[in-house]
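Printed here is target.cif (mmCIF, N, CA and C atoms):
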```cif
data_final
#
loop_
_atom_site.label_atom_id
_atom_site.label_comp_id
_atom_site.auth_asym_id
_atom_site.auth_seq_id
_atom_site.Cartn_x
_atom_site.Cartn_y
_atom_site.Cartn_z
N MET A 9 201.60 -73.24 133.95
CA MET A 9 201.90 -74.26 132.97
C MET A 9 203.36 -74.13 132.57
N SER A 10 204.05 -75.25 132.59
CA SER A 10 205.45 -75.22 132.20
C SER A 10 205.57 -75.34 130.69
N VAL A 11 206.52 -74.66 130.15
CA VAL A 11 206.76 -74.68 128.71
C VAL A 11 207.71 -75.83 128.41
N ILE A 12 207.32 -76.63 127.44
CA ILE A 12 208.20 -77.74 127.06
C ILE A 12 209.05 -77.31 125.88
N ASN A 13 210.21 -77.86 125.83
CA ASN A 13 211.08 -77.66 124.68
C ASN A 13 210.85 -78.81 123.73
N LEU A 14 210.43 -78.48 122.54
CA LEU A 14 210.16 -79.51 121.54
C LEU A 14 211.47 -80.13 121.09
N PRO A 15 211.47 -81.44 120.90
CA PRO A 15 212.70 -82.13 120.49
C PRO A 15 213.19 -81.68 119.11
N HIS A 16 212.28 -81.34 118.23
CA HIS A 16 212.65 -80.89 116.89
C HIS A 16 212.17 -79.45 116.71
N ARG A 17 213.01 -78.63 116.20
CA ARG A 17 212.67 -77.23 115.96
C ARG A 17 212.36 -77.04 114.48
N HIS A 18 211.14 -76.64 114.22
CA HIS A 18 210.70 -76.43 112.85
C HIS A 18 210.24 -75.00 112.63
N GLY A 19 210.64 -74.11 113.51
CA GLY A 19 210.24 -72.71 113.39
C GLY A 19 208.80 -72.48 113.79
N THR A 20 208.24 -73.38 114.60
CA THR A 20 206.83 -73.26 114.99
C THR A 20 206.67 -73.10 116.50
N GLN A 21 207.66 -72.58 117.17
CA GLN A 21 207.63 -72.48 118.63
C GLN A 21 206.43 -71.66 119.13
N ASP A 22 206.13 -70.53 118.46
CA ASP A 22 204.99 -69.70 118.89
C ASP A 22 203.68 -70.46 118.76
N THR A 23 203.50 -71.13 117.65
CA THR A 23 202.29 -71.93 117.44
C THR A 23 202.23 -73.07 118.45
N ALA A 24 203.35 -73.71 118.69
CA ALA A 24 203.41 -74.82 119.65
C ALA A 24 203.01 -74.36 121.04
N LEU A 25 203.42 -73.18 121.43
CA LEU A 25 203.05 -72.65 122.75
C LEU A 25 201.54 -72.43 122.84
N GLN A 26 200.95 -71.89 121.80
CA GLN A 26 199.50 -71.67 121.78
C GLN A 26 198.75 -73.01 121.82
N LEU A 27 199.23 -73.96 121.05
CA LEU A 27 198.60 -75.28 121.04
C LEU A 27 198.75 -75.97 122.38
N GLN A 28 199.91 -75.85 122.98
CA GLN A 28 200.15 -76.47 124.28
C GLN A 28 199.19 -75.90 125.32
N GLU A 29 198.94 -74.61 125.25
CA GLU A 29 198.02 -73.98 126.19
C GLU A 29 196.62 -74.57 126.03
N GLN A 30 196.18 -74.74 124.79
CA GLN A 30 194.86 -75.33 124.54
C GLN A 30 194.82 -76.80 124.97
N LEU A 31 195.89 -77.54 124.68
CA LEU A 31 195.94 -78.96 125.04
C LEU A 31 195.87 -79.17 126.55
N SER A 32 196.33 -78.19 127.30
CA SER A 32 196.31 -78.32 128.76
C SER A 32 194.90 -78.18 129.33
N GLN A 33 193.97 -77.70 128.53
CA GLN A 33 192.57 -77.55 128.96
C GLN A 33 191.84 -78.87 128.78
N ILE A 34 192.25 -79.88 129.51
CA ILE A 34 191.74 -81.25 129.33
C ILE A 34 190.23 -81.31 129.48
N HIS A 35 189.67 -80.54 130.40
CA HIS A 35 188.22 -80.61 130.62
C HIS A 35 187.43 -80.21 129.37
N HIS A 36 187.97 -79.32 128.53
CA HIS A 36 187.29 -78.96 127.29
C HIS A 36 187.21 -80.18 126.37
N PHE A 37 188.29 -80.92 126.29
CA PHE A 37 188.32 -82.10 125.43
C PHE A 37 187.42 -83.19 125.99
N GLN A 38 187.31 -83.28 127.32
CA GLN A 38 186.43 -84.27 127.93
C GLN A 38 184.97 -83.98 127.60
N ILE A 39 184.60 -82.70 127.59
CA ILE A 39 183.23 -82.32 127.24
C ILE A 39 182.92 -82.73 125.81
N VAL A 40 183.84 -82.43 124.91
CA VAL A 40 183.65 -82.80 123.50
C VAL A 40 183.56 -84.31 123.35
N SER A 41 184.41 -85.02 124.06
CA SER A 41 184.41 -86.48 124.00
C SER A 41 183.07 -87.05 124.46
N GLU A 42 182.53 -86.51 125.54
CA GLU A 42 181.24 -86.98 126.06
C GLU A 42 180.12 -86.75 125.05
N VAL A 43 180.13 -85.59 124.41
CA VAL A 43 179.10 -85.31 123.40
C VAL A 43 179.21 -86.29 122.25
N PHE A 44 180.43 -86.51 121.77
CA PHE A 44 180.59 -87.43 120.64
C PHE A 44 180.29 -88.87 121.02
N LYS A 45 180.47 -89.25 122.27
CA LYS A 45 180.10 -90.59 122.70
C LYS A 45 178.60 -90.81 122.51
N GLN A 46 177.82 -89.77 122.74
CA GLN A 46 176.38 -89.90 122.58
C GLN A 46 176.00 -90.21 121.14
N LEU A 47 176.82 -89.80 120.22
CA LEU A 47 176.52 -90.02 118.81
C LEU A 47 177.29 -91.20 118.23
N GLY A 48 177.79 -92.05 119.10
CA GLY A 48 178.55 -93.22 118.67
C GLY A 48 177.65 -94.39 118.31
N ASP A 49 176.36 -94.18 118.26
CA ASP A 49 175.41 -95.23 117.96
C ASP A 49 174.47 -94.74 116.86
N THR A 50 174.26 -95.54 115.84
CA THR A 50 173.43 -95.14 114.71
C THR A 50 172.01 -94.78 115.14
N SER A 51 171.44 -95.58 116.02
CA SER A 51 170.07 -95.29 116.48
C SER A 51 170.01 -93.96 117.21
N ARG A 52 171.02 -93.69 118.01
CA ARG A 52 171.04 -92.43 118.75
C ARG A 52 171.17 -91.24 117.82
N ILE A 53 171.98 -91.38 116.78
CA ILE A 53 172.11 -90.30 115.80
C ILE A 53 170.77 -90.07 115.10
N ARG A 54 170.11 -91.14 114.73
CA ARG A 54 168.82 -91.02 114.05
C ARG A 54 167.79 -90.36 114.95
N ILE A 55 167.75 -90.76 116.22
CA ILE A 55 166.80 -90.16 117.17
C ILE A 55 167.12 -88.68 117.36
N PHE A 56 168.39 -88.37 117.55
CA PHE A 56 168.77 -86.96 117.72
C PHE A 56 168.38 -86.16 116.48
N TRP A 57 168.68 -86.67 115.31
CA TRP A 57 168.34 -85.98 114.06
C TRP A 57 166.83 -85.76 113.98
N LEU A 58 166.05 -86.78 114.28
CA LEU A 58 164.60 -86.66 114.27
C LEU A 58 164.13 -85.55 115.20
N LEU A 59 164.68 -85.52 116.41
CA LEU A 59 164.26 -84.54 117.41
C LEU A 59 164.76 -83.13 117.10
N CYS A 60 165.67 -83.01 116.17
CA CYS A 60 166.08 -81.68 115.69
C CYS A 60 164.99 -81.09 114.80
N HIS A 61 164.10 -81.95 114.29
CA HIS A 61 163.09 -81.52 113.34
C HIS A 61 161.69 -81.48 113.93
N CYS A 62 161.48 -82.12 115.08
CA CYS A 62 160.15 -82.14 115.67
C CYS A 62 160.23 -82.48 117.15
N GLU A 63 159.15 -82.25 117.83
CA GLU A 63 159.01 -82.67 119.23
C GLU A 63 158.08 -83.87 119.23
N GLU A 64 158.50 -84.96 119.87
CA GLU A 64 157.71 -86.18 119.83
C GLU A 64 157.75 -86.93 121.15
N CYS A 65 156.74 -87.78 121.34
CA CYS A 65 156.70 -88.67 122.49
C CYS A 65 157.40 -89.98 122.14
N VAL A 66 157.70 -90.77 123.14
CA VAL A 66 158.42 -92.03 122.94
C VAL A 66 157.67 -92.96 122.00
N ILE A 67 156.35 -93.03 122.15
CA ILE A 67 155.55 -93.94 121.30
C ILE A 67 155.71 -93.58 119.83
N ASN A 68 155.61 -92.29 119.51
CA ASN A 68 155.75 -91.88 118.10
C ASN A 68 157.18 -92.06 117.61
N ILE A 69 158.16 -91.76 118.46
CA ILE A 69 159.56 -91.98 118.08
C ILE A 69 159.77 -93.46 117.79
N SER A 70 159.21 -94.31 118.65
CA SER A 70 159.34 -95.76 118.47
C SER A 70 158.76 -96.21 117.15
N ALA A 71 157.59 -95.66 116.80
CA ALA A 71 156.95 -96.04 115.54
C ALA A 71 157.79 -95.59 114.35
N MET A 72 158.30 -94.35 114.40
CA MET A 72 159.10 -93.84 113.28
C MET A 72 160.42 -94.58 113.16
N MET A 73 161.00 -94.96 114.28
CA MET A 73 162.29 -95.64 114.29
C MET A 73 162.16 -97.15 114.08
N GLU A 74 160.91 -97.65 114.18
CA GLU A 74 160.65 -99.09 114.12
C GLU A 74 161.45 -99.82 115.19
N MET A 75 161.35 -99.26 116.41
CA MET A 75 162.03 -99.82 117.58
C MET A 75 161.02 -99.92 118.71
N SER A 76 161.33 -100.72 119.70
CA SER A 76 160.45 -100.79 120.87
C SER A 76 160.59 -99.52 121.71
N SER A 77 159.57 -99.22 122.48
CA SER A 77 159.62 -98.04 123.36
C SER A 77 160.76 -98.13 124.37
N PRO A 78 160.98 -99.31 125.00
CA PRO A 78 162.11 -99.40 125.93
C PRO A 78 163.46 -99.14 125.25
N ALA A 79 163.61 -99.61 124.01
CA ALA A 79 164.87 -99.37 123.29
C ALA A 79 165.05 -97.88 123.01
N VAL A 80 163.98 -97.21 122.61
CA VAL A 80 164.06 -95.77 122.36
C VAL A 80 164.38 -95.04 123.66
N SER A 81 163.71 -95.40 124.74
CA SER A 81 163.97 -94.77 126.05
C SER A 81 165.42 -94.95 126.47
N HIS A 82 165.97 -96.12 126.16
CA HIS A 82 167.37 -96.40 126.47
C HIS A 82 168.30 -95.41 125.76
N HIS A 83 167.96 -95.01 124.54
CA HIS A 83 168.78 -94.06 123.78
C HIS A 83 168.49 -92.61 124.17
N LEU A 84 167.26 -92.33 124.58
CA LEU A 84 166.90 -90.97 124.96
C LEU A 84 167.61 -90.52 126.24
N ARG A 85 167.76 -91.44 127.17
CA ARG A 85 168.34 -91.09 128.47
C ARG A 85 169.72 -90.43 128.36
N PRO A 86 170.69 -91.05 127.68
CA PRO A 86 172.01 -90.39 127.60
C PRO A 86 171.98 -89.10 126.76
N LEU A 87 171.11 -89.04 125.76
CA LEU A 87 171.00 -87.81 124.99
C LEU A 87 170.49 -86.67 125.88
N ARG A 88 169.53 -86.99 126.72
CA ARG A 88 168.99 -85.99 127.65
C ARG A 88 170.03 -85.63 128.71
N ASN A 89 170.71 -86.62 129.25
CA ASN A 89 171.72 -86.37 130.29
C ASN A 89 172.88 -85.52 129.77
N SER A 90 173.16 -85.62 128.48
CA SER A 90 174.25 -84.84 127.90
C SER A 90 173.81 -83.43 127.53
N GLY A 91 172.52 -83.16 127.63
CA GLY A 91 172.02 -81.83 127.31
C GLY A 91 171.73 -81.62 125.83
N LEU A 92 171.80 -82.68 125.03
CA LEU A 92 171.52 -82.54 123.61
C LEU A 92 170.03 -82.47 123.31
N ILE A 93 169.22 -83.11 124.16
CA ILE A 93 167.77 -83.04 124.00
C ILE A 93 167.14 -82.62 125.32
N LEU A 94 165.92 -82.14 125.20
CA LEU A 94 165.14 -81.72 126.37
C LEU A 94 163.85 -82.54 126.41
N SER A 95 163.28 -82.64 127.59
CA SER A 95 162.00 -83.33 127.72
C SER A 95 161.04 -82.44 128.51
N ARG A 96 159.76 -82.64 128.23
CA ARG A 96 158.72 -81.96 129.01
C ARG A 96 157.56 -82.92 129.17
N ARG A 97 156.95 -82.87 130.31
CA ARG A 97 155.85 -83.77 130.63
C ARG A 97 154.52 -83.03 130.48
N VAL A 98 153.57 -83.68 129.83
CA VAL A 98 152.21 -83.18 129.73
C VAL A 98 151.32 -84.35 130.16
N GLY A 99 150.83 -84.29 131.38
CA GLY A 99 150.07 -85.43 131.92
C GLY A 99 150.98 -86.63 132.03
N LYS A 100 150.58 -87.72 131.37
CA LYS A 100 151.38 -88.94 131.41
C LYS A 100 152.40 -89.01 130.27
N GLU A 101 152.24 -88.13 129.28
CA GLU A 101 153.14 -88.13 128.12
C GLU A 101 154.38 -87.29 128.38
N VAL A 102 155.52 -87.77 127.88
CA VAL A 102 156.76 -87.01 127.92
C VAL A 102 157.15 -86.75 126.47
N TYR A 103 157.39 -85.49 126.17
CA TYR A 103 157.77 -85.08 124.82
C TYR A 103 159.24 -84.70 124.80
N TYR A 104 159.90 -85.04 123.72
CA TYR A 104 161.33 -84.79 123.57
C TYR A 104 161.58 -83.93 122.34
N LYS A 105 162.60 -83.09 122.43
CA LYS A 105 163.05 -82.30 121.29
C LYS A 105 164.51 -81.95 121.50
N ALA A 106 165.17 -81.56 120.43
CA ALA A 106 166.57 -81.14 120.53
C ALA A 106 166.66 -79.87 121.35
N ALA A 107 167.69 -79.78 122.15
CA ALA A 107 167.91 -78.58 122.96
C ALA A 107 168.25 -77.41 122.04
N ASP A 108 167.83 -76.23 122.43
CA ASP A 108 168.14 -75.03 121.65
C ASP A 108 169.47 -74.47 122.14
N THR A 109 170.53 -75.22 121.83
CA THR A 109 171.87 -74.81 122.24
C THR A 109 172.78 -74.80 121.03
N GLU A 110 173.86 -74.09 121.14
CA GLU A 110 174.82 -74.06 120.03
C GLU A 110 175.38 -75.45 119.77
N GLN A 111 175.60 -76.20 120.83
CA GLN A 111 176.12 -77.56 120.71
C GLN A 111 175.18 -78.42 119.86
N SER A 112 173.90 -78.39 120.19
CA SER A 112 172.92 -79.18 119.44
C SER A 112 172.81 -78.72 117.99
N ARG A 113 172.80 -77.42 117.79
CA ARG A 113 172.70 -76.90 116.42
C ARG A 113 173.91 -77.32 115.58
N LEU A 114 175.10 -77.23 116.17
CA LEU A 114 176.31 -77.62 115.43
C LEU A 114 176.31 -79.11 115.10
N LEU A 115 175.89 -79.94 116.06
CA LEU A 115 175.84 -81.38 115.80
C LEU A 115 174.80 -81.69 114.73
N HIS A 116 173.68 -81.00 114.77
CA HIS A 116 172.65 -81.21 113.76
C HIS A 116 173.20 -80.83 112.38
N GLN A 117 173.86 -79.68 112.30
CA GLN A 117 174.44 -79.25 111.03
C GLN A 117 175.48 -80.25 110.54
N MET A 118 176.28 -80.75 111.46
CA MET A 118 177.32 -81.72 111.09
C MET A 118 176.69 -82.99 110.53
N ILE A 119 175.65 -83.48 111.19
CA ILE A 119 174.98 -84.69 110.72
C ILE A 119 174.40 -84.46 109.34
N GLU A 120 173.72 -83.34 109.16
CA GLU A 120 173.11 -83.04 107.86
C GLU A 120 174.18 -82.91 106.77
N LYS A 121 175.27 -82.26 107.08
CA LYS A 121 176.35 -82.09 106.11
C LYS A 121 176.97 -83.44 105.75
N MET A 122 177.20 -84.28 106.75
CA MET A 122 177.77 -85.60 106.49
C MET A 122 176.80 -86.44 105.65
N MET A 123 175.51 -86.33 105.92
CA MET A 123 174.53 -87.07 105.13
C MET A 123 174.54 -86.57 103.69
N GLU A 124 174.67 -85.28 103.52
CA GLU A 124 174.72 -84.70 102.18
C GLU A 124 175.96 -85.18 101.41
N ILE A 125 177.07 -85.27 102.12
CA ILE A 125 178.33 -85.70 101.50
C ILE A 125 178.32 -87.19 101.19
N THR A 126 177.83 -87.98 102.13
CA THR A 126 177.93 -89.44 101.98
C THR A 126 176.72 -90.06 101.31
N CYS A 127 175.63 -89.33 101.20
CA CYS A 127 174.40 -89.89 100.64
C CYS A 127 173.87 -89.02 99.51
N PRO A 128 174.64 -88.85 98.45
CA PRO A 128 174.17 -87.98 97.36
C PRO A 128 172.93 -88.58 96.69
N ASP A 129 172.09 -87.70 96.16
CA ASP A 129 170.86 -88.16 95.48
C ASP A 129 171.14 -88.85 94.18
#
```

In structure tokens, what does this structure look like?
Amino acid sequence: MSVINLPHRHGTQDTALQLQEQLSQIHHFQIVSEVFKQLGDTSRIRIFWLLCHCEECVINISAMMEMSSPAVSHHLRPLRNSGLILSRRVGKEVYYKAADTEQSRLLHQMIEKMMEITCPD
């Protein structure tokens, strides 16, 4: 990685070098961007939040969300593809739940914290 000379010197050259090193890791930012894209839809956030609290089938998710099953399935697919939720099949039923990953836990905490901040009792 080549070191750039900043046009303005503010005594932060060491910090700038560390930041530049992190900024060059574009794939890390792409991963974060993809995760946040999944939460760019209110219905998807609600479904993800619900699945952080329980494991459910599409029919029950549809009933709780007051949405059609195809609409719920449409939102589940990208959440599953991104690794935020998991699915398991039992006979003809498919059950969904939040993945037990640090990424999912952090997003769940972030959603809950934002709800607490923006939706006071």

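Note that the spacing between atom CA of Thr126 of chain A and atom CA of Ile55 of chain A amounts to 18.8 Å.
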
Which of chain A counts as strand (DSSP E or B) under DSSP, as a PyMOL selection string please?
chain A and resi 64-65+93-98+101-106

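Taking atom CA of Thr109 of chain A and atom CA of Gly91 of chain A as the two end points, the separation is 8.7 Å.
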
Evaluating the PyMOL selection byres (((chain A and resi 116 and name CA) around 12) and name CA) on the displayed file yields which residues, as a list in words?
Leu47, Ile53, Arg54, Ile55, Phe56, Trp57, Leu58, Leu59, Cys60, His61, Leu92, Ile93, Ala106, Ala107, Asp108, Thr109, Glu110, Gln111, Ser112, Arg113, Leu114, Leu115, Gln117, Met118, Ile119, Glu120, Lys121, Met122 and Met123 of chain A

At a cut-off of 12 Å around the point (178.6, -90.9, 121.6) (file coordinates), what residues fall inside when counting only C-alpha atoms? I'd like the answer as JSON, numbers by chain.
{"A": [39, 40, 41, 42, 43, 44, 45, 46, 47, 48, 49, 50, 51, 52, 53, 56, 83, 86, 87, 89, 90, 92, 115]}

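Going from atom C of Ala79 of chain A to atom CA of Gln38 of chain A covers 25.8 Å.
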
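Closest approach to Lys100 of chain A among A:Met73, A:Ile34, A:Val66, A:Asp22 is made by A:Val66 (distances from only C-alpha atoms).
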
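All protein, DNA and RNA residues at most 6.5 Å from (153.3, -89.7, 126.7) are Cys65, Val66, Ile67, Lys100, Glu101, Val102 and Tyr103 of chain A, using all atoms listed in the file.
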
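Among A:Lys105, A:Glu124, A:His16, A:Thr23, the residue with the shortest atom-to-atom distance to Glu63 of chain A, counting all atoms listed in the file, is A:Lys105.
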
Give the alpha helix (DSSP H) residues of segment 32-91 of chain A, as DSSP finds them on the backbone, and put them as JSON, numbers by chain.
{"A": [34, 35, 36, 37, 38, 39, 40, 41, 42, 43, 44, 45, 46, 50, 51, 52, 53, 54, 55, 56, 57, 58, 59, 60, 61, 66, 67, 68, 69, 70, 71, 72, 73, 77, 78, 79, 80, 81, 82, 83, 84, 85, 86, 87, 88, 89]}
